[in-house]
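Worksheet: the structure to be examined is printed underneath.
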Amino acid sequence: MAKLAIRGGRIVDPANELDGTGTVCVDGGKIVSVLAEPEGFVADQVIEAAGKIVCPGFIDLSTRLREPGHSRKGTFKSETLAAASAGVTSLCLQPDTKPVIDTPAVAELIKELADNARYPQIYPIAALTQKLEGNELSSMLSLKQAGCIAVGNASRPIANLLILRRAMEYAASHGLVLMYRPNDFWLGSQGCAHEGAVATRYGLPGIPDTAETIAVEQCLELVVLTGCRVHFGQLSCRRAVIKIQQAQKYGMAVTADVAIHHLHLTEEDMAPFDSAYHVLPPFRTERDKAYLRQGLAGGIIGCICSDHQPHDLDAKLGAFPETEPGLSSLETLLPLTLKLVAQHAITLEQGIAALTRNPAAVVGLKAGSLTPGLPADICVFDPNLEWPVNAQTWRSKGRNTPFWGHTFKGRVTETLQAGQVIYRLASS
Amino acid sequence: MIALQLTTEGRLKHFLTVEGLSRNLLTEILDTAESFVGGPGQPIKKVPLLRGKTIVNLFFENSTRTRTTFELAAKRLSADVLNMSIATSSTAKGESLLDTIRNLEAMFVDMFVVRHNISGSAHFIAQHTAPHISVINAGDGQHAHPTQAMLDMFTIRQIKPDFAKLRVAIIGDILHSRVARSQIQALNTLGAAEVRVIAPKTLLPTHVESLGVSVCHSLTEGLKDIDVIIMLRLQKERMASALLPSEAEYFKCFGLTESKLKIAKTDAIVMHPGPINRGVEIESSVADGPQSVILRQVSNGIAVRMAILSMAMQPQGGG
C-alpha cells in the first residue's frame, strides 16, 4: 500500500491533546507518525495541507442512509459519498431501516451493502426491541455478533417501562451501550413542533420539552437499577441538559449528543409552515439552544451528531404536520460546527473532539484519533473556504435542509479511510 | 406570511390568515363588505365584479354554513362556482393534495376557497399553485379561519363601532379553535381594549398569552366588564381524549346561561361561529335571546366573503 504524507497543515487531534503544524505520515493504511516526518520516509503521494486543518475522520453517532427500504430517499452510494465529502469516516446507522435492524440477517445485509459502497465504515445500531415496537426484546447478542455496535430505539419511544427495564438489563448483560433518544410515548408522540409560542400561533400540535425531560429522568432511574450504559441521543432542551449534568455530577457514566442543527436553529427560525424545519425532536427556544451550546462547551454533551435523515421531495411536499420529519444534515456537520467556533460558543478543539474522540469513546471504537498504529481515518479541511449549498455542491440525495441556498464557511478537501483517499474536493 | 398573501403593491392576493395584515387592510375589508350590504332586511344585490371567473370551493372537511355562504358570495359577484367535497374521495384513492390542485388548475380556475383539517394546508396550496390563482383559507386545521374572524369583526362593528373601547371574551375550546386564533389576531390588530380567553387549562394552548390575550379559568369572574361574548363550539371528541370530564360539568362551569350573561355589561352581545351545541356551551334562551347576534353573523358572512373574494381578485384585473 502507498506511502502518503499530509504536509504543512495544522494538526488537531484532541485524543492526543495535540495541536501543531506538521506532517501526518501514512503507510500500509495506518498512521505512522504525526507532526515530524520520520527520517527516510519517502511518500508516494503528498497532500499539501498548508492553511488547512488535519484531524481524525469524523464519527457520526446517528445517521440514516435509507437503505434498505427507502432508496427513494437515499442509497448507500449517495449517502456514503455525502458522508465522505463531509469528512465522516465512521458512522452509526440507526435501526429504523425497512426491515428494521432487529435480526442478524438485516445486519449482515447492511454490512454487505456497506462493503460494496466502500466508503466510510458503517456500524449498525441494533433495534432494542423487535420491529422497534417496544414489546419484545431483540436478539441483542446475535446482533452484536453480526456487527452491531450498540442497541437503540431510533426515534421510537418505548411506552412500557418494564420492557425498557428488561431491555436495559439484557443489553447490560452483553456489554452493549444503549443509544437512547429520550421521548415519552404519551407526551411526545402526537405533535410536530415545539409546544411554544410558534406552534400556538400556527395551530400546530406541540411536543412539550417535558416529553424529553421525563424520558431522561426515567431512563436515568433505570440506569441506577440496571447498570446499563446509556448514551442519550439528540437532546433538544435545557432541562434535559441539566438532568444529565446532575447525573454526571453524581458519578453516573451517562453521555449525550446533540444534532448539529439544534445548536443553531430555534422555533422562531421556522418560516411559516416550512417543512424543511420539520424535525424531531423539534427546534425549541433560544434559551434551549443556549443551554445545548453551554452543555457542549462544558462537556456535559460530549458529541455532535448529524442525525442525518435524507428525504425525497414528496416527503417534504405537503402541509407541515403531514410531512416527514428530519433534515439532510451530514454535509452541514463541519461548517455548522465551525460556525459554533466562530461564534465563540466552543473552541476548535472542543468541536473536533465532539466529532472524533468523544463519539469513538461512546461506542468503543478504535478510531477518532491520529495515534500511530491506528487506521489512517483522516479529515483534511479548509476552514476558510466558502461554499454555497446548491445542487452542484450537495452530495446527499436528500435536499431537505433549511440551509439550502446558504453560504457556508469551511469545507472538507480530502477524506481518508484507512489510508485511502475516499473523497477529494474537485477543485482542491 | 405577509409576503405570501400580499402583492408587491400591498394588495390582497391570497387570504390565508389575519396575522401580519395591517389595520388599514382589515378596515378596508370591513368597509368593502359594508358596500355590499343592502338595506335593513334586504338581500344583497348581484354585481358583475367577478363575471367570467371560476371559483372552486375545495372542501376537504365537512361544512354547511361556510361553504354555502362562500357559494352565495361568489354567485352574487357573478362568478362561476364549483363545489368539491373531497374529504374522502380523492385522498382516499391516494391522490396527494398537490395532485388535486394541479388537476383543478388544468381546468382553468381562478380561485380556490380551501377548507382542510390540517394546519398549514391553505398556505401550502398558495405556495404551490399557479401564480394567477388566489387562495382563500376557509379554515385550516387549528391554524386560521380568517373570513370567519372578519365577519365577526364586521358584526361587532355594526353594533359597537369603536374597537378601542371593547373588552371581548372568547370562551371555550381555544386550543383546537382556528376561529379563536384568527379572532384574537383581528381584535388585536383593530385595537380592542382587551381580549380575554376563558377556558379550563386543558382547552388552552400552553403559550396562549403569547397571542396577546389575558387568561381566566372561571366564567363568572371572566365575564365582568365584557362587551362582546364569543362562545366556541365544544366538539364531542374532547371528552374521549381526557380534556374534559363530561358535557354536564363543562356546561356547569363554562356554559353561558341567562344568569351568567348578567355578569357581563348589560349591552353585551353574544356571538357564536356555529354550529351551536344547545345545552353544552350555550343555553337556548341565550342563543335565541335579545343579546344574541348569532344569525346576524351568518347573514354578514355573505357580504364579508364577497368583499374578500373581490379584493383578492382585483390584482389580476388592475395589473
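Every chain in the C-alpha cells has a letter given in the order shown (A, B, ...), and although residue numbers restart at 1 in each chain, ligands are simply numbered from 1 in the order shown.
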
>> At a cut-off of 10 Å, using only C-alpha atoms, what residues contact B:Thr69? Leave out same-chain residues fewer than 2 positions from it and give the result as a PyMOL selection string.
In response: chain B and resi 64-67+71-75+298-306

Serialized selection, N, CA and C atoms, as a PDB file, in the first residue's frame:
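Writing the result to result-v4.pdb gives the following:
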ATOM      1  N   THR B  64     -71.281  23.241   6.284  1.00  0.00           N
ATOM      2  CA  THR B  64     -72.505  23.640   5.596  1.00  0.00           C
ATOM      3  C   THR B  64     -72.522  25.147   5.472  1.00  0.00           C
ATOM      4  N   ARG B  65     -72.424  25.796   6.629  1.00  0.00           N
ATOM      5  CA  ARG B  65     -72.554  27.246   6.663  1.00  0.00           C
ATOM      6  C   ARG B  65     -71.470  27.956   5.847  1.00  0.00           C
ATOM      7  N   THR B  66     -70.230  27.609   6.129  1.00  0.00           N
ATOM      8  CA  THR B  66     -69.130  28.305   5.466  1.00  0.00           C
ATOM      9  C   THR B  66     -69.190  28.086   3.955  1.00  0.00           C
ATOM     10  N   ARG B  67     -69.416  26.845   3.552  1.00  0.00           N
ATOM     11  CA  ARG B  67     -69.432  26.559   2.118  1.00  0.00           C
ATOM     12  C   ARG B  67     -70.592  27.268   1.431  1.00  0.00           C
ATOM     13  N   GLU B  71     -70.424  30.150  -1.409  1.00  0.00           N
ATOM     14  CA  GLU B  71     -71.074  29.917  -2.694  1.00  0.00           C
ATOM     15  C   GLU B  71     -71.995  31.087  -3.047  1.00  0.00           C
ATOM     16  N   LEU B  72     -72.758  31.511  -2.059  1.00  0.00           N
ATOM     17  CA  LEU B  72     -73.652  32.651  -2.291  1.00  0.00           C
ATOM     18  C   LEU B  72     -72.858  33.908  -2.623  1.00  0.00           C
ATOM     19  N   ALA B  73     -71.778  34.117  -1.870  1.00  0.00           N
ATOM     20  CA  ALA B  73     -70.949  35.300  -2.105  1.00  0.00           C
ATOM     21  C   ALA B  73     -70.410  35.293  -3.532  1.00  0.00           C
ATOM     22  N   ALA B  74     -69.916  34.143  -3.969  1.00  0.00           N
ATOM     23  CA  ALA B  74     -69.351  34.046  -5.317  1.00  0.00           C
ATOM     24  C   ALA B  74     -70.434  34.294  -6.372  1.00  0.00           C
ATOM     25  N   LYS B  75     -71.607  33.749  -6.133  1.00  0.00           N
ATOM     26  CA  LYS B  75     -72.694  33.917  -7.106  1.00  0.00           C
ATOM     27  C   LYS B  75     -73.184  35.358  -7.174  1.00  0.00           C
ATOM     28  N   VAL B 298     -74.256  35.032  10.530  1.00  0.00           N
ATOM     29  CA  VAL B 298     -74.411  34.206   9.334  1.00  0.00           C
ATOM     30  C   VAL B 298     -74.725  35.080   8.121  1.00  0.00           C
ATOM     31  N   SER B 299     -75.689  36.000   8.286  1.00  0.00           N
ATOM     32  CA  SER B 299     -76.043  36.886   7.168  1.00  0.00           C
ATOM     33  C   SER B 299     -74.840  37.694   6.723  1.00  0.00           C
ATOM     34  N   ASN B 300     -74.104  38.227   7.683  1.00  0.00           N
ATOM     35  CA  ASN B 300     -72.956  39.067   7.354  1.00  0.00           C
ATOM     36  C   ASN B 300     -71.860  38.280   6.635  1.00  0.00           C
ATOM     37  N   GLY B 301     -71.866  36.993   6.817  1.00  0.00           N
ATOM     38  CA  GLY B 301     -70.859  36.153   6.179  1.00  0.00           C
ATOM     39  C   GLY B 301     -70.832  36.335   4.674  1.00  0.00           C
ATOM     40  N   ILE B 302     -71.992  36.557   4.082  1.00  0.00           N
ATOM     41  CA  ILE B 302     -72.047  36.688   2.622  1.00  0.00           C
ATOM     42  C   ILE B 302     -71.350  37.983   2.171  1.00  0.00           C
ATOM     43  N   ALA B 303     -71.720  39.108   2.790  1.00  0.00           N
ATOM     44  CA  ALA B 303     -71.128  40.389   2.379  1.00  0.00           C
ATOM     45  C   ALA B 303     -69.623  40.411   2.622  1.00  0.00           C
ATOM     46  N   VAL B 304     -69.199  39.874   3.763  1.00  0.00           N
ATOM     47  CA  VAL B 304     -67.768  39.901   4.092  1.00  0.00           C
ATOM     48  C   VAL B 304     -66.991  39.009   3.124  1.00  0.00           C
ATOM     49  N   ARG B 305     -67.562  37.872   2.803  1.00  0.00           N
ATOM     50  CA  ARG B 305     -66.864  36.973   1.867  1.00  0.00           C
ATOM     51  C   ARG B 305     -66.860  37.559   0.454  1.00  0.00           C
ATOM     52  N   MET B 306     -67.934  38.278   0.100  1.00  0.00           N
ATOM     53  CA  MET B 306     -67.925  38.987  -1.193  1.00  0.00           C
ATOM     54  C   MET B 306     -66.780  39.993  -1.237  1.00  0.00           C
TER      55      MET B 306
END

>> Show me, as a PyMOL selection string, every residue of chain B with an atom at most 10 Å from chain A, counting only C-alpha atoms.
In response: chain B and resi 1-2+4+17+19+96-98+116+118-125+128+140-144+175-178+181-182+185+204-211

> Quick one: distance from atom CA of B:Gln291 to atom CA of B:Gln183 in Å, one decimal?
Replying inline: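 Result for atom CA of B:Gln291 versus atom CA of B:Gln183: 19.7 Å, one decimal.
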
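Those residues that approach B:Leu26 to within 10 Å, counting only C-alpha atoms, are B:Val18, B:Leu21, B:Ser22, B:Arg23, B:Asn24, B:Glu28, B:Ile29, B:Leu30, B:Asp31, B:Thr32, B:Met150, B:Met153, B:Phe154, B:Ala186, B:Thr189, B:Leu190; same-chain residues fewer than 2 positions away are not listed.
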
Kindly export the residues of the current selection with N, CA and C atoms, as a tab-separated table (two decimals), in the first residue's frame.
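Listed below is the output, result-v9.tsv:
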chain	number	residue	atom	x	y	z
B	18	VAL	N	-55.14	36.22	9.30
B	18	VAL	CA	-55.23	37.64	9.67
B	18	VAL	C	-53.85	38.14	10.12
B	21	LEU	N	-51.51	41.22	8.77
B	21	LEU	CA	-52.21	42.19	7.93
B	21	LEU	C	-52.42	43.49	8.72
B	22	SER	N	-52.40	44.62	8.00
B	22	SER	CA	-52.47	45.89	8.69
B	22	SER	C	-53.91	46.21	9.09
B	23	ARG	N	-54.01	47.14	10.02
B	23	ARG	CA	-55.32	47.62	10.45
B	23	ARG	C	-56.06	48.24	9.27
B	24	ASN	N	-55.30	48.95	8.42
B	24	ASN	CA	-55.92	49.57	7.25
B	24	ASN	C	-56.55	48.54	6.34
B	28	GLU	N	-60.37	48.07	5.43
B	28	GLU	CA	-60.81	48.12	4.03
B	28	GLU	C	-61.74	46.94	3.71
B	29	ILE	N	-61.41	45.78	4.26
B	29	ILE	CA	-62.29	44.61	4.06
B	29	ILE	C	-63.67	44.91	4.65
B	30	LEU	N	-63.67	45.45	5.86
B	30	LEU	CA	-64.96	45.73	6.52
B	30	LEU	C	-65.73	46.80	5.74
B	31	ASP	N	-65.03	47.82	5.26
B	31	ASP	CA	-65.70	48.89	4.50
B	31	ASP	C	-66.25	48.37	3.17
B	32	THR	N	-65.45	47.52	2.53
B	32	THR	CA	-65.91	46.95	1.26
B	32	THR	C	-67.15	46.09	1.49
B	150	MET	N	-63.28	37.85	10.18
B	150	MET	CA	-63.64	39.15	9.61
B	150	MET	C	-65.14	39.38	9.64
B	153	MET	N	-65.83	40.47	13.08
B	153	MET	CA	-65.43	41.87	13.30
B	153	MET	C	-66.48	42.80	12.68
B	154	PHE	N	-66.97	42.40	11.53
B	154	PHE	CA	-67.98	43.19	10.83
B	154	PHE	C	-69.25	43.29	11.69
B	186	ALA	N	-57.33	39.46	14.79
B	186	ALA	CA	-58.11	40.56	14.21
B	186	ALA	C	-58.44	41.60	15.28
B	189	THR	N	-55.35	43.57	16.17
B	189	THR	CA	-54.96	44.49	15.09
B	189	THR	C	-55.90	45.68	15.04
B	190	LEU	N	-57.17	45.44	15.29
B	190	LEU	CA	-58.15	46.53	15.23
B	190	LEU	C	-58.16	47.35	16.51

>> Quick check for you: according to DSSP on this backbone, which residues of stretch 50-289 of chain B are classed as helix (DSSP H, G or I)? Reply as a PyMOL selection string.
In response: chain B and resi 65-76+91-93+97-105+121-128+146-159+163-165+178-189+201-203+208-211+219-222+237-240+247-254+258-261+284-287

> If you count only C-alpha atoms, which residues fall within 8 Å of A:Tyr180, apart from same-chain ones fewer than 5 positions away, as number ranges by chain?
Replying inline: A: 152-154, 230-233

Write the residues of the preceding selection, restricted to C-alpha atoms, as a PDB file, in the first residue's frame.
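What landed in result-v4.pdb:
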ATOM      1  CA  GLY A 152     -31.139   1.746  20.338  1.00  0.00           C
ATOM      2  CA  ASN A 153     -34.730   2.788  19.904  1.00  0.00           C
ATOM      3  CA  ALA A 154     -34.102   5.128  16.907  1.00  0.00           C
ATOM      4  CA  VAL A 230     -26.644   4.741  28.299  1.00  0.00           C
ATOM      5  CA  HIS A 231     -25.884   7.390  25.743  1.00  0.00           C
ATOM      6  CA  PHE A 232     -28.624   9.980  25.284  1.00  0.00           C
ATOM      7  CA  GLY A 233     -29.083  10.962  21.670  1.00  0.00           C
TER       8      GLY A 233
END

>> Just to confirm, what's the straight-line distance from atom CA of A:Cys55 to atom CA of A:Glu67 in Å (one decimal)?
In response: 29.0 Å

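Taking only stretch 217-399 of chain A, the residues that DSSP calls strand (DSSP E or B) from the backbone come to Val230, His231, Phe232, Thr255, Ala256, Asp257, Val258, Ala259, Cys303, Ile304, Cys305, His308, Leu327, Pro375, Ile378, Cys379, Val380, Phe381, Asp382, Pro383, Asn384, Leu385, Glu386, Trp387 and Pro388 of chain A.
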
Can those selected residues be exported to a file as an mmCIF file, in the first residue's frame so that it contains N, CA and C atoms?
data_model
loop_
_atom_site.group_PDB
_atom_site.id
_atom_site.type_symbol
_atom_site.label_atom_id
_atom_site.label_comp_id
_atom_site.auth_asym_id
_atom_site.auth_seq_id
_atom_site.Cartn_x
_atom_site.Cartn_y
_atom_site.Cartn_z
ATOM 1 N N VAL A 230 -25.713 4.021 29.167
ATOM 2 C CA VAL A 230 -26.644 4.741 28.299
ATOM 3 C C VAL A 230 -26.008 5.985 27.709
ATOM 4 N N HIS A 231 -26.261 6.156 26.429
ATOM 5 C CA HIS A 231 -25.884 7.390 25.743
ATOM 6 C C HIS A 231 -27.174 8.046 25.250
ATOM 7 N N PHE A 232 -27.419 9.276 25.703
ATOM 8 C CA PHE A 232 -28.624 9.980 25.284
ATOM 9 C C PHE A 232 -28.391 10.674 23.948
ATOM 10 N N THR A 255 -23.607 9.579 28.870
ATOM 11 C CA THR A 255 -23.084 10.541 27.903
ATOM 12 C C THR A 255 -24.236 11.040 27.038
ATOM 13 N N ALA A 256 -23.945 12.024 26.208
ATOM 14 C CA ALA A 256 -25.028 12.589 25.405
ATOM 15 C C ALA A 256 -24.493 13.212 24.130
ATOM 16 N N ASP A 257 -25.386 13.307 23.138
ATOM 17 C CA ASP A 257 -25.045 14.058 21.935
ATOM 18 C C ASP A 257 -26.174 15.002 21.578
ATOM 19 N N VAL A 258 -25.869 15.868 20.643
ATOM 20 C CA VAL A 258 -26.862 16.810 20.138
ATOM 21 C C VAL A 258 -26.695 16.833 18.619
ATOM 22 N N ALA A 259 -27.824 16.949 17.934
ATOM 23 C CA ALA A 259 -27.746 17.065 16.478
ATOM 24 C C ALA A 259 -27.276 18.475 16.143
ATOM 25 N N CYS A 303 -20.789 14.875 22.384
ATOM 26 C CA CYS A 303 -20.730 14.581 20.954
ATOM 27 C C CYS A 303 -21.724 15.416 20.151
ATOM 28 N N ILE A 304 -21.314 15.704 18.923
ATOM 29 C CA ILE A 304 -22.216 16.307 17.954
ATOM 30 C C ILE A 304 -22.473 15.244 16.891
ATOM 31 N N CYS A 305 -23.741 15.010 16.592
ATOM 32 C CA CYS A 305 -24.038 14.068 15.510
ATOM 33 C C CYS A 305 -24.761 14.815 14.392
ATOM 34 N N HIS A 308 -28.558 12.651 10.427
ATOM 35 C CA HIS A 308 -28.855 12.758 9.007
ATOM 36 C C HIS A 308 -30.086 11.942 8.617
ATOM 37 N N LEU A 327 -33.824 16.192 8.798
ATOM 38 C CA LEU A 327 -33.020 17.037 7.916
ATOM 39 C C LEU A 327 -31.931 16.201 7.256
ATOM 40 N N PRO A 375 -5.712 2.769 12.086
ATOM 41 C CA PRO A 375 -6.047 3.017 10.684
ATOM 42 C C PRO A 375 -6.082 4.520 10.396
ATOM 43 N N ILE A 378 -8.719 9.998 8.265
ATOM 44 C CA ILE A 378 -8.273 11.392 8.418
ATOM 45 C C ILE A 378 -9.169 12.327 7.608
ATOM 46 N N CYS A 379 -9.416 13.480 8.201
ATOM 47 C CA CYS A 379 -10.161 14.517 7.504
ATOM 48 C C CYS A 379 -9.270 15.744 7.345
ATOM 49 N N VAL A 380 -9.203 16.244 6.135
ATOM 50 C CA VAL A 380 -8.456 17.478 5.886
ATOM 51 C C VAL A 380 -9.471 18.515 5.419
ATOM 52 N N PHE A 381 -9.508 19.646 6.118
ATOM 53 C CA PHE A 381 -10.470 20.649 5.677
ATOM 54 C C PHE A 381 -9.881 22.047 5.660
ATOM 55 N N ASP A 382 -10.453 22.856 4.806
ATOM 56 C CA ASP A 382 -10.046 24.254 4.700
ATOM 57 C C ASP A 382 -11.057 25.077 5.487
ATOM 58 N N PRO A 383 -10.636 25.627 6.625
ATOM 59 C CA PRO A 383 -11.613 26.304 7.483
ATOM 60 C C PRO A 383 -12.132 27.618 6.891
ATOM 61 N N ASN A 384 -11.455 28.112 5.879
ATOM 62 C CA ASN A 384 -11.851 29.413 5.333
ATOM 63 C C ASN A 384 -12.526 29.337 3.968
ATOM 64 N N LEU A 385 -12.630 28.135 3.445
ATOM 65 C CA LEU A 385 -13.215 28.001 2.116
ATOM 66 C C LEU A 385 -14.733 28.185 2.182
ATOM 67 N N GLU A 386 -15.210 29.157 1.428
ATOM 68 C CA GLU A 386 -16.656 29.401 1.411
ATOM 69 C C GLU A 386 -17.292 28.608 0.279
ATOM 70 N N TRP A 387 -18.451 28.096 0.544
ATOM 71 C CA TRP A 387 -19.151 27.336 -0.498
ATOM 72 C C TRP A 387 -20.653 27.490 -0.357
ATOM 73 N N PRO A 388 -21.326 27.589 -1.488
ATOM 74 C CA PRO A 388 -22.779 27.704 -1.446
ATOM 75 C C PRO A 388 -23.437 26.330 -1.377
#

> Within 6 Å of A:Ile207, counting only C-alpha atoms, which residues qualify if same-chain residues fewer than 5 places away don't, as number ranges by chain?
Replying inline: A: 188, 191, 193-195

> Neighbours of stretch 367-369 of chain A within 9 Å (only C-alpha atoms; same-chain residues fewer than 5 positions away dropped), as a PyMOL selection string?
Replying inline: chain A and resi 13-16+55-59+90+353+355-361+374-378

> Neighbours of B:Leu6 within 12 Å (only C-alpha atoms; same-chain residues fewer than 5 positions away dropped), as a ChimeraX atom specification?
Replying inline: /B:1,11-18,20-22,25,126,134-135,311-315

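Atom pair atom CA of B:Ala192 / atom CA of B:Phe163: separated by 4.7 Å.
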